[in-house]
>>> print(open('target-v2.cif').read())   # mmCIF, C-alpha atoms and all ligand atoms
data_coords
#
loop_
_atom_site.label_atom_id
_atom_site.label_comp_id
_atom_site.auth_asym_id
_atom_site.auth_seq_id
_atom_site.Cartn_x
_atom_site.Cartn_y
_atom_site.Cartn_z
CA MET A 21 7.83 -30.55 51.96
CA ASN A 22 8.24 -33.32 54.47
CA ILE A 23 7.48 -36.43 52.42
CA GLU A 24 9.58 -38.60 54.74
CA LEU A 25 7.22 -37.81 57.61
CA LEU A 26 4.20 -38.84 55.54
CA LYS A 27 5.97 -42.09 54.61
CA GLN A 28 6.70 -42.80 58.27
CA LEU A 29 3.10 -42.13 59.27
CA SER A 30 1.69 -44.13 56.35
CA GLU A 31 3.79 -47.19 57.10
CA ALA A 32 2.92 -47.19 60.80
CA ASP A 33 0.19 -49.71 61.60
CA ALA A 34 -2.76 -48.60 63.73
CA ILE A 35 -6.30 -49.86 63.75
CA ALA A 36 -8.81 -48.50 66.26
CA ALA A 37 -7.71 -48.71 69.89
CA SER A 38 -4.25 -50.02 68.89
CA GLU A 39 -2.70 -46.78 67.74
CA GLN A 40 0.60 -46.91 69.62
CA GLU A 41 2.81 -46.80 66.51
CA VAL A 42 1.25 -43.52 65.37
CA ARG A 43 1.00 -42.14 68.90
CA GLN A 44 4.73 -42.72 69.30
CA ILE A 45 5.55 -40.58 66.26
CA LEU A 46 3.40 -37.72 67.55
CA LEU A 47 4.90 -37.92 71.03
CA GLU A 48 8.46 -37.78 69.66
CA HIS A 49 7.66 -34.49 67.93
CA ALA A 50 5.85 -33.05 70.97
CA ARG A 51 8.82 -33.96 73.19
CA ARG A 52 11.19 -32.12 70.90
CA TYR A 53 9.42 -28.87 71.80
CA GLN A 54 8.66 -29.88 75.40
CA LEU A 55 4.96 -29.38 74.80
CA LYS A 56 2.36 -30.34 77.36
CA VAL A 57 0.76 -33.65 76.39
CA GLU A 58 -2.40 -35.14 77.82
CA PHE A 59 -4.42 -38.21 76.91
CA ASP A 60 -8.05 -39.09 77.08
CA ARG A 61 -8.79 -42.56 78.42
CA LEU A 62 -9.17 -44.09 74.95
CA GLY A 63 -5.62 -43.19 73.97
CA SER A 64 -6.16 -39.98 71.99
CA VAL A 65 -3.16 -37.64 72.17
CA LEU A 66 -3.88 -34.05 73.22
CA ILE A 67 -0.95 -31.70 72.62
CA ARG A 68 -1.18 -28.14 73.91
CA LEU A 69 0.77 -25.89 71.60
CA ASN A 70 0.59 -22.69 73.65
CA GLU A 71 -1.07 -21.08 76.61
CA SER A 72 -3.52 -18.28 75.98
CA THR A 73 -6.55 -16.62 77.49
CA GLY A 74 -8.07 -16.48 73.98
CA PRO A 75 -10.47 -19.09 72.60
CA LYS A 76 -9.42 -22.72 72.75
CA VAL A 77 -9.06 -24.16 69.25
CA MET A 78 -8.97 -27.92 68.79
CA LEU A 79 -7.40 -29.26 65.60
CA CYS A 80 -8.24 -32.93 65.30
CA ALA A 81 -7.10 -35.78 63.06
CA HIS A 82 -7.65 -39.47 63.71
CA MET A 83 -4.81 -41.95 64.16
CA ASP A 84 -6.58 -45.17 63.23
CA GLU A 85 -6.89 -46.73 59.79
CA VAL A 86 -9.30 -49.37 58.52
CA GLY A 87 -7.96 -52.91 58.85
CA PHE A 88 -8.74 -56.27 60.39
CA MET A 89 -8.48 -58.26 63.59
CA VAL A 90 -7.71 -61.96 64.06
CA ARG A 91 -10.87 -63.72 65.19
CA ASN A 92 -9.90 -67.39 64.89
CA ILE A 93 -7.08 -69.72 63.90
CA THR A 94 -8.08 -72.95 62.18
CA LYS A 95 -6.38 -76.29 62.73
CA GLU A 96 -5.13 -76.04 59.12
CA GLY A 97 -3.31 -72.79 59.96
CA ALA A 98 -5.65 -70.26 58.34
CA VAL A 99 -5.88 -66.97 60.26
CA GLU A 100 -9.51 -65.86 60.12
CA VAL A 101 -10.16 -62.14 60.46
CA ILE A 102 -12.96 -59.61 60.79
CA PRO A 103 -12.87 -56.06 59.38
CA ILE A 104 -12.28 -53.17 61.78
CA GLY A 105 -13.81 -50.14 60.11
CA ASN A 106 -15.43 -50.04 56.72
CA VAL A 107 -12.90 -51.80 54.48
CA ARG A 108 -14.13 -51.75 50.87
CA GLN A 109 -15.49 -55.10 49.78
CA LEU A 110 -13.08 -55.47 46.87
CA ALA A 111 -10.14 -54.73 49.19
CA ARG A 112 -10.94 -57.88 51.15
CA PHE A 113 -9.65 -60.19 48.42
CA MET A 114 -6.09 -61.19 47.48
CA GLN A 115 -4.29 -58.44 49.40
CA PRO A 116 -0.84 -58.60 51.00
CA VAL A 117 -1.28 -57.76 54.70
CA ARG A 118 0.76 -57.86 57.87
CA ILE A 119 -0.22 -58.99 61.33
CA THR A 120 1.21 -57.13 64.32
CA THR A 121 1.64 -59.66 67.10
CA ALA A 122 1.29 -58.91 70.79
CA ASP A 123 5.08 -58.92 71.14
CA GLY A 124 5.45 -56.47 68.24
CA ARG A 125 6.54 -58.84 65.48
CA LYS A 126 5.23 -58.32 61.95
CA GLN A 127 4.02 -61.47 60.19
CA HIS A 128 3.19 -61.11 56.53
CA GLY A 129 0.50 -62.97 54.64
CA LEU A 130 -2.14 -62.81 51.93
CA LEU A 131 -5.70 -61.86 52.79
CA ASP A 132 -8.43 -63.62 50.84
CA ALA A 133 -12.13 -64.37 51.22
CA ASP A 134 -15.03 -66.24 49.65
CA LEU A 135 -17.21 -64.22 47.29
CA SER A 136 -20.87 -64.33 48.28
CA GLY A 137 -22.89 -62.17 45.90
CA SER A 138 -20.89 -58.94 45.92
CA GLU A 139 -19.65 -59.43 49.50
CA ALA A 140 -16.61 -61.02 51.06
CA GLN A 141 -17.22 -63.80 53.53
CA ASN A 142 -14.90 -66.03 55.54
CA MET A 143 -11.96 -63.63 55.37
CA ARG A 144 -8.67 -65.27 56.25
CA VAL A 145 -4.97 -64.58 56.05
CA ASP A 146 -2.58 -67.18 54.69
CA ILE A 147 0.74 -66.72 56.48
CA GLY A 148 2.19 -69.85 54.90
CA ALA A 149 1.39 -72.02 57.90
CA SER A 150 -0.08 -75.54 57.71
CA SER A 151 -1.24 -75.94 61.29
CA ALA A 152 -2.51 -73.97 64.26
CA GLN A 153 0.79 -74.74 65.98
CA GLU A 154 2.78 -73.04 63.21
CA VAL A 155 0.57 -69.95 63.55
CA ALA A 156 1.09 -69.98 67.32
CA ASP A 157 4.86 -70.36 66.81
CA ALA A 158 4.75 -67.22 64.64
CA GLY A 159 3.33 -65.39 67.65
CA VAL A 160 -0.09 -64.79 66.07
CA ARG A 161 -2.99 -64.79 68.53
CA ILE A 162 -6.71 -64.07 68.42
CA GLY A 163 -7.17 -60.30 68.75
CA ASP A 164 -3.99 -59.35 66.88
CA ARG A 165 -4.38 -56.45 64.47
CA VAL A 166 -3.97 -56.77 60.73
CA THR A 167 -3.20 -53.98 58.27
CA PHE A 168 -2.45 -53.70 54.57
CA ALA A 169 1.25 -54.24 53.81
CA THR A 170 1.68 -51.31 51.46
CA SER A 171 4.97 -49.48 50.98
CA PHE A 172 4.86 -45.72 50.50
CA GLN A 173 5.80 -44.64 46.97
CA LYS A 174 6.56 -41.42 45.16
CA LEU A 175 4.77 -41.52 41.84
CA ALA A 176 5.61 -40.06 38.47
CA GLY A 177 5.38 -36.29 38.56
CA GLU A 178 6.73 -34.01 41.24
CA SER A 179 4.05 -34.14 43.84
CA ARG A 180 1.97 -37.34 43.66
CA VAL A 181 2.40 -40.01 46.32
CA MET A 182 0.80 -43.36 47.12
CA GLY A 183 0.51 -45.23 50.38
CA LYS A 184 -1.81 -46.86 52.85
CA ALA A 185 -3.71 -45.20 55.69
CA PHE A 186 -3.66 -41.72 54.13
CA ASP A 187 -7.06 -41.58 55.87
CA ASP A 188 -6.08 -40.08 58.22
CA ARG A 189 -2.28 -40.02 58.46
CA ILE A 190 -2.46 -37.00 56.17
CA GLY A 191 -4.34 -35.32 59.03
CA CYS A 192 -1.67 -36.49 61.49
CA TRP A 193 0.99 -35.11 59.13
CA LEU A 194 -0.79 -31.74 59.25
CA LEU A 195 -0.84 -31.80 63.07
CA ILE A 196 2.92 -32.37 63.21
CA GLU A 197 3.64 -29.79 60.52
CA LEU A 198 1.56 -27.24 62.45
CA MET A 199 3.46 -28.12 65.62
CA HIS A 200 6.70 -27.16 63.88
CA ALA A 201 5.38 -24.11 62.05
CA LEU A 202 3.57 -22.52 64.99
CA GLN A 203 6.36 -22.91 67.53
CA GLN A 204 7.51 -19.31 67.67
CA GLN A 205 4.38 -17.65 66.36
CA PRO A 206 2.46 -15.43 68.80
CA LEU A 207 -1.19 -16.51 68.78
CA ALA A 208 -4.38 -14.95 70.15
CA CYS A 209 -5.93 -18.37 70.69
CA GLU A 210 -4.92 -21.51 72.56
CA VAL A 211 -4.22 -24.35 70.14
CA TRP A 212 -4.68 -28.02 70.99
CA LEU A 213 -3.45 -30.54 68.46
CA VAL A 214 -5.47 -33.71 68.94
CA ALA A 215 -4.77 -37.10 67.38
CA SER A 216 -7.90 -39.06 68.09
CA SER A 217 -8.44 -42.76 68.66
CA SER A 218 -11.04 -44.99 67.01
CA GLU A 219 -12.67 -42.72 64.44
CA GLU A 220 -13.13 -45.46 61.88
CA VAL A 221 -15.34 -47.48 64.20
CA GLY A 222 -17.69 -44.65 65.14
CA MET A 223 -16.08 -41.29 65.89
CA ARG A 224 -15.10 -42.22 69.45
CA GLY A 225 -11.80 -40.52 70.40
CA GLY A 226 -12.77 -37.15 68.98
CA LYS A 227 -15.71 -37.10 71.37
CA THR A 228 -13.76 -38.03 74.48
CA ALA A 229 -10.86 -35.71 73.63
CA ALA A 230 -13.25 -32.80 73.16
CA GLN A 231 -14.87 -33.56 76.50
CA ARG A 232 -11.45 -33.30 78.12
CA ILE A 233 -10.35 -30.09 76.38
CA ASN A 234 -13.74 -28.39 76.18
CA PRO A 235 -12.78 -26.38 73.07
CA ASP A 236 -14.42 -23.15 71.90
CA LEU A 237 -13.86 -23.97 68.25
CA ALA A 238 -12.76 -27.06 66.35
CA LEU A 239 -11.27 -27.85 62.97
CA VAL A 240 -11.26 -31.47 61.90
CA LEU A 241 -8.63 -32.58 59.40
CA ASP A 242 -9.57 -35.63 57.36
CA THR A 243 -9.51 -37.02 53.84
CA ALA A 244 -12.07 -38.13 51.27
CA ASN A 245 -12.05 -39.65 47.82
CA TRP A 246 -14.52 -39.48 44.96
CA SER A 247 -16.05 -42.80 43.91
CA LYS A 248 -14.95 -42.36 40.27
CA ASN A 249 -11.24 -41.65 40.30
CA PHE A 250 -11.00 -40.44 36.72
CA ASP A 251 -14.08 -38.24 36.81
CA PHE A 252 -12.67 -34.75 36.32
CA SER A 253 -16.06 -33.12 35.83
CA ALA A 254 -17.34 -30.26 37.95
CA ALA A 255 -19.30 -32.78 40.02
CA ASN A 256 -16.08 -34.12 41.54
CA HIS A 257 -15.11 -31.81 44.39
CA ARG A 258 -12.38 -34.16 45.59
CA GLN A 259 -9.87 -33.87 42.79
CA ILE A 260 -6.26 -34.29 43.78
CA GLY A 261 -4.10 -31.29 43.01
CA GLN A 262 -7.07 -28.91 43.16
CA GLY A 263 -6.61 -27.83 46.77
CA PRO A 264 -8.06 -28.85 50.12
CA MET A 265 -11.78 -29.46 50.54
CA LEU A 266 -14.09 -27.54 52.81
CA VAL A 267 -16.90 -29.88 53.86
CA MET A 268 -20.15 -27.92 53.65
CA TYR A 269 -22.31 -30.79 54.86
CA ASP A 270 -22.15 -34.33 56.12
CA LYS A 271 -24.70 -36.50 57.89
CA SER A 272 -23.19 -35.81 61.31
CA LEU A 273 -22.42 -32.09 61.04
CA LEU A 274 -23.85 -28.97 59.43
CA PRO A 275 -21.13 -26.40 60.03
CA SER A 276 -21.92 -22.82 60.97
CA PRO A 277 -22.14 -20.66 57.81
CA ARG A 278 -20.14 -17.99 59.65
CA LEU A 279 -17.29 -20.39 60.31
CA LEU A 280 -17.39 -21.62 56.71
CA GLY A 281 -17.30 -17.98 55.58
CA LEU A 282 -14.24 -17.30 57.75
CA ILE A 283 -12.44 -20.26 56.17
CA GLN A 284 -13.46 -19.27 52.63
CA ASP A 285 -12.37 -15.65 53.17
CA THR A 286 -9.05 -16.77 54.61
CA ALA A 287 -8.43 -19.10 51.67
CA ALA A 288 -9.29 -16.34 49.19
CA GLU A 289 -6.97 -13.85 50.93
CA GLN A 290 -4.14 -16.37 50.90
CA ARG A 291 -4.93 -17.40 47.29
CA ILE A 292 -5.37 -21.00 48.39
CA PRO A 293 -7.57 -23.11 46.10
CA LEU A 294 -10.49 -24.62 48.01
CA GLN A 295 -12.96 -27.28 46.84
CA SER A 296 -16.45 -27.13 48.36
CA ASP A 297 -17.37 -30.68 49.25
CA MET A 298 -20.29 -32.54 50.81
CA PHE A 299 -20.32 -36.05 52.24
CA SER A 300 -23.49 -37.95 51.40
CA ASN A 301 -22.30 -40.91 53.46
CA GLY A 302 -20.58 -41.05 56.80
CA GLY A 303 -19.09 -38.29 58.87
CA THR A 304 -15.98 -37.36 60.75
CA ASP A 305 -14.93 -36.67 64.33
CA GLY A 306 -16.59 -33.29 63.81
CA GLY A 307 -19.95 -35.02 64.21
CA THR A 308 -19.31 -35.71 67.86
CA ILE A 309 -16.93 -32.83 68.71
CA HIS A 310 -19.46 -30.13 67.81
CA LEU A 311 -21.94 -31.52 70.35
CA THR A 312 -19.60 -31.05 73.31
CA GLY A 313 -20.93 -28.85 76.13
CA GLN A 314 -23.06 -26.01 74.76
CA GLY A 315 -21.94 -26.83 71.24
CA VAL A 316 -18.66 -26.12 69.47
CA PRO A 317 -18.46 -24.32 66.09
CA THR A 318 -16.73 -26.98 64.02
CA ALA A 319 -15.69 -27.38 60.40
CA VAL A 320 -13.98 -30.13 58.47
CA ILE A 321 -11.09 -29.39 56.16
CA GLY A 322 -10.09 -32.35 54.04
CA VAL A 323 -7.32 -33.33 51.71
CA PRO A 324 -8.59 -35.13 48.59
CA THR A 325 -7.28 -38.58 47.73
CA ARG A 326 -7.97 -41.12 45.06
CA HIS A 327 -9.12 -44.51 46.38
CA GLY A 328 -10.01 -44.96 50.02
CA HIS A 329 -10.56 -47.58 52.70
CA CYS A 330 -8.40 -50.01 50.73
CA ALA A 331 -4.73 -50.99 50.36
CA ALA A 332 -3.51 -47.65 48.99
CA SER A 333 -4.57 -44.11 48.26
CA ILE A 334 -3.01 -41.50 46.01
CA ALA A 335 -2.58 -37.89 47.08
CA ASP A 336 -0.93 -34.73 45.82
CA MET A 337 1.58 -33.12 48.21
CA ASN A 338 0.49 -29.69 46.96
CA ASP A 339 -2.91 -30.29 48.56
CA LEU A 340 -1.22 -31.09 51.87
CA TYR A 341 0.86 -27.96 51.53
CA HIS A 342 -2.18 -25.81 50.79
CA ALA A 343 -4.12 -27.33 53.70
CA ARG A 344 -1.18 -26.52 55.98
CA GLN A 345 -1.02 -22.95 54.69
CA LEU A 346 -4.77 -22.48 55.18
CA LEU A 347 -4.68 -23.83 58.74
CA LEU A 348 -1.73 -21.62 59.64
CA ALA A 349 -3.55 -18.56 58.35
CA LEU A 350 -6.76 -19.51 60.16
CA VAL A 351 -5.11 -20.19 63.48
CA GLY A 352 -3.18 -16.94 63.09
CA ARG A 353 -6.35 -14.89 62.91
CA ILE A 354 -8.67 -16.56 65.44
CA ASP A 355 -9.04 -14.38 68.53
CA SER A 356 -11.71 -13.50 71.08
CA ASP A 357 -13.40 -11.02 68.72
CA ILE A 358 -13.74 -13.53 65.93
CA PHE A 359 -15.03 -16.16 68.33
CA GLN A 360 -17.56 -13.63 69.61
CA GLN A 361 -18.74 -12.91 66.06
CA LEU A 362 -19.09 -16.61 65.32
CA THR A 363 -21.24 -17.30 68.34
CA ASP A 364 -23.30 -14.14 68.82
CA PHE A 365 -26.84 -15.08 67.84
CA SER A 366 -28.53 -12.08 69.45
CA CYS A 367 -29.13 -10.31 66.18
ZN ZN B 401 -10.94 -40.38 58.08
#
>>> encode(input="target-v2.cif", output="structure tokens", more="lines below")
Ligand SMILES: [Zn+2]
Amino acid sequence: MNIELLKQLSEADAIAASEQEVRQILLEHARRYQLKVEFDRLGSVLIRLNESTGPKVMLCAHMDEVGFMVRNITKEGAVEVIPIGNVRQLARFMQPVRITTADGRKQHGLLDADLSGSEAQNMRVDIGASSAQEVADAGVRIGDRVTFATSFQKLAGESRVMGKAFDDRIGCWLLIELMHALQQQPLACEVWLVASSSEEVGMRGGKTAAQRINPDLALVLDTANWSKNFDFSAANHRQIGQGPMLVMYDKSLLPSPRLLGLIQDTAAEQRIPLQSDMFSNGGTDGGTIHLTGQGVPTAVIGVPTRHGHCAASIADMNDLYHARQLLLALVGRIDSDIFQQLTDFSC
């Protein structure tokens, strides 16, 4: 189980449209196998795993995390920021963060805000400066990106881990793991591993990447957490350690029942635990990917986490392992006949 890779991905900093640190990790792995790499014009990475005349399958995870951007520097040396993506309100107060400067330096500071009702206002980072000149000397400029400064940790117990940006570096981890695992495997479909740009600000890179690839079928790999972390009742379909989640519904995508059935059957055959989830808020890249061309049968497979859109999430490596196993089995069985069955609406 490649925990080191998850640590590397988690500690890379990438808000929407500034995903070079994560892109770099993906490209290093693709280069190792001399795979064909393309890009859309937003910066999404499109890695072709194999050539095939079978259906084109797009596996997509987003590179960006929620964070902040420098919007102003006061004469007293406060670095004012705006959120990029939906950072939880409580995660906007008293948080260690780091600013990535244009020349690649990391400047650490403490994010804080004023409380207005239940909302954060006037968010600013204290980097220890006392004047705008000191901030400028540190290389910090308006437009620089800001991320939580969270170190990856292994927790008590064999398989639990904590880190930032698990949404969606866990998906990126799955893409790289699939790249390794599928290298020598003969496949009856053509697999494209896509790391998309700018999902957290409105599902952008998944759309443009799909327009470039024009896939026949898509699987989106993302994460979700339950609002009550210690609710272990049957209502919580996002429990860590209980297996990956199959998203039956979200506001941007109603997956084909046939495709959901294929995934459920495959999980049952492989004895992989699967939680049946629904998103009442938000969506994933699947929301835009499935509207490409004539429509693309698309499903979302998620890895559950505790806590989300904040400084750290907690995950269980067994869920990552099971998601990987499920995806390998699915990709191994998708061929022209299955694609035909999924999309034949004549009867
Ligand atoms: Zn996500």
>>> closest_residue(input="target-v2.cif", among="A:Ser179, A:Thr94, A:Thr121, A:Thr73", to="Asp336 of chain A", atoms="only C-alpha atoms")
A:Ser179
>>> closest_residue(input="target-v2.cif", among="A:Leu239, A:Ile309, A:Leu213, A:Ile354", to="Cys192 of chain A", atoms="all atoms listed in the file")
A:Leu213
>>> closest_residue(input="target-v2.cif", among="A:Glu31, A:Asp297, A:Glu197, A:Glu154", to="Gln173 of chain A", atoms="only C-alpha atoms")
A:Glu31
>>> residues_near_ligand(input="target-v2.cif", ligand="ligand ZN 401 (chain B)", cutoff="10 Å", atoms="all atoms listed in the file", output="PyMOL selection string")
chain A and resi 81-86+185-191+219-220+223+240-244+302-305+322+328-329
>>> write_last_selection(input="target-v2.cif", atoms="C-alpha atoms", output="CSV table (one decimal), in the coordinates of the input")
chain,number,residue,atom,x,y,z
A,81,ALA,CA,-7.1,-35.8,63.1
A,82,HIS,CA,-7.6,-39.5,63.7
A,83,MET,CA,-4.8,-42.0,64.2
A,84,ASP,CA,-6.6,-45.2,63.2
A,85,GLU,CA,-6.9,-46.7,59.8
A,86,VAL,CA,-9.3,-49.4,58.5
A,185,ALA,CA,-3.7,-45.2,55.7
A,186,PHE,CA,-3.7,-41.7,54.1
A,187,ASP,CA,-7.1,-41.6,55.9
A,188,ASP,CA,-6.1,-40.1,58.2
A,189,ARG,CA,-2.3,-40.0,58.5
A,190,ILE,CA,-2.5,-37.0,56.2
A,191,GLY,CA,-4.3,-35.3,59.0
A,219,GLU,CA,-12.7,-42.7,64.4
A,220,GLU,CA,-13.1,-45.5,61.9
A,223,MET,CA,-16.1,-41.3,65.9
A,240,VAL,CA,-11.3,-31.5,61.9
A,241,LEU,CA,-8.6,-32.6,59.4
A,242,ASP,CA,-9.6,-35.6,57.4
A,243,THR,CA,-9.5,-37.0,53.8
A,244,ALA,CA,-12.1,-38.1,51.3
A,302,GLY,CA,-20.6,-41.0,56.8
A,303,GLY,CA,-19.1,-38.3,58.9
A,304,THR,CA,-16.0,-37.4,60.8
A,305,ASP,CA,-14.9,-36.7,64.3
A,322,GLY,CA,-10.1,-32.4,54.0
A,328,GLY,CA,-10.0,-45.0,50.0
A,329,HIS,CA,-10.6,-47.6,52.7
>>> atom_distance(input="target-v2.cif", atom1="atom CA of Gln345 of chain A", atom2="atom CA of Ala332 of chain A")
25.5 Å
>>> closest_residue(input="target-v2.cif", among="A:Ala215, A:Ile67, A:Gln361, A:Gln259", to="Arg43 of chain A", atoms="all atoms listed in the file")
A:Ala215
>>> residues_near_point(input="target-v2.cif", point="(-4.7, -61.5, 68.4)", cutoff="12 Å", atoms="only C-alpha atoms", output="JSON, numbers by chain")
{"A": [38, 88, 89, 90, 91, 92, 93, 99, 100, 101, 102, 119, 120, 121, 122, 123, 124, 125, 127, 155, 156, 158, 159, 160, 161, 162, 163, 164, 165, 166]}
>>> closest_residue(input="target-v2.cif", among="A:Leu69, A:Leu62, A:Leu194, A:Leu280", to="Asn22 of chain A", atoms="all atoms listed in the file")
A:Leu194
>>> closest_residue(input="target-v2.cif", among="A:Arg291, A:Phe299, A:His327, A:Val316", to="Ala349 of chain A", atoms="only C-alpha atoms")
A:Arg291
>>> residues_around(input="target-v2.cif", residues="Arg353 of chain A", least_positions_apart="2", cutoff="9 Å", atoms="only C-alpha atoms", output="short mmCIF file (atom, residue, chain, number, x, y, z; two decimals) with C-alpha atoms, in the frame of the given file")
data_model
loop_
_atom_site.label_atom_id
_atom_site.label_comp_id
_atom_site.auth_asym_id
_atom_site.auth_seq_id
_atom_site.Cartn_x
_atom_site.Cartn_y
_atom_site.Cartn_z
CA LEU A 207 -1.19 -16.51 68.78
CA ALA A 208 -4.38 -14.95 70.15
CA CYS A 209 -5.93 -18.37 70.69
CA THR A 286 -9.05 -16.77 54.61
CA LEU A 348 -1.73 -21.62 59.64
CA ALA A 349 -3.55 -18.56 58.35
CA LEU A 350 -6.76 -19.51 60.16
CA VAL A 351 -5.11 -20.19 63.48
CA ASP A 355 -9.04 -14.38 68.53
CA ILE A 358 -13.74 -13.53 65.93
#
>>> residues_around(input="target-v2.cif", residues="Gln314 of chain A", least_positions_apart="4", cutoff="12 Å", atoms="only C-alpha atoms", output="VMD selection string")
chain A and resid 231 234 to 237 309 to 310 363
>>> residues_around(input="target-v2.cif", residues="Met337 of chain A", least_positions_apart="6", cutoff="10 Å", atoms="all atoms listed in the file", output="PyMOL selection string")
chain A and resi 21-23+26+178-181+190+260-261+263+323+343
>>> residues_around(input="target-v2.cif", residues="Gln295 of chain A", least_positions_apart="6", cutoff="9 Å", atoms="only C-alpha atoms", output="PyMOL selection string")
chain A and resi 257-259+262-267
>>> residues_around(input="target-v2.cif", residues="Asp134 of chain A", least_positions_apart="6", cutoff="9 Å", atoms="all atoms listed in the file", output="list in words")
Phe113, Ala140, Gln141, Asn142 and Met143 of chain A
>>> write_last_selection(input="target-v2.cif", atoms="C-alpha atoms", output="JSON list (two decimals), keeping the file's coordinate frame")
[["chain", "number", "residue", "atom", "x", "y", "z"],
["A", 113, "PHE", "CA", -9.65, -60.19, 48.42],
["A", 140, "ALA", "CA", -16.61, -61.02, 51.06],
["A", 141, "GLN", "CA", -17.22, -63.80, 53.53],
["A", 142, "ASN", "CA", -14.90, -66.03, 55.54],
["A", 143, "MET", "CA", -11.96, -63.63, 55.37]]
>>> atom_distance(input="target-v2.cif", atom1="atom CA of Ala201 of chain A", atom2="atom CA of Leu347 of chain A")
10.6 Å
